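*Asks:* The structure's right below; bear with me while I get my questions together.
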Amino acid sequence: MKYMILLMVFFVQITCFNKISFADESTDLLENQTQDVLKNFKGEPVIGDVQKAAIEYAEVHPDKIKHWRNAAKKQALLPNISMGLDRYLTDYWHWDSGTMPDTLQKGKDAVAWDVTMTWNMGELIWNSDQTSIDTRSKLMVELRDDIINEVTRTYFERRRLQIEILTSPPRDLKVSLEKELRLQELTADIDALTGGYFSGRLQE
């Protein structure tokens, strides 16, 4: 009886080992097949590059907000300049006070000018433009998020369609044309969001 039990345990272990080995082989095969399919897209730009191109095309890069804030701070270092010019017309024409008192004489042209420069050092701490920048910054972040979400969704919808065409090619001509047109449409959508960057990379 003891030997029977040991034999059964050994048989169960062998069976489990075979199942695990078969599962590992299946997993490896699936992984290899997956990588083989994805190799077809090695020449296409990755999603990170596409997102960056979309941000630059829409001019919503975070560095733009930093530039606004730095410019607002530096503005306080620039003075407000005002210039003034005065001409004294009263002394320009006058009656002769000497030997000919009834004669209107022309005197010297009296002109005075001044330049004033003022600084508002308080703007180094807080600039009134910061309120406007904060508002524009919030709107820009929302716009950037919308653009990233849209280009990401379109990019992977296009990729899923490519994989579907490769792994399950349509046998009906109409279905094949519809999928090809949809693929071109998604490519055009990405181009619209990136200023033609996507197609430009595909042609390289």
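Ordering of the structure tokens sets the chain letters (A, B, ...), residue numbers begin anew at 1 in every chain, and ligands are numbered from 1 in the order given.
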Can you list, as a list in words, every protein, DNA or RNA residue that comes within 7 Å of Gly195 (chain A) when you count only C-alpha atoms, leaving out same-chain residues fewer than 3 positions away?
*Replies:*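 Near Gly195 (chain A), the qualifying residues are Tyr57, Asp191 and Ala192 of chain A.
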*Asks:* Counting only C-alpha atoms, which of A:Lys174, A:Leu77, A:Glu157, A:Ile148 gets nearest to Glu56 (chain A)?
*Replies:*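 Selected residue with least distance to Glu56 (chain A): A:Ile148.
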*Asks:* So which one's closest to Val50 (chain A), A:Arg136, A:Ile163, A:Pro170, A:Thr154? Using only C-alpha atoms, please.
*Replies:* A:Thr154
*Asks:* By how many Å are CA of Val60 (chain A) and CA of Val141 (chain A) apart?
*Replies:*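 We find that CA of Val60 (chain A) and CA of Val141 (chain A) lie 7.5 Å from each other.
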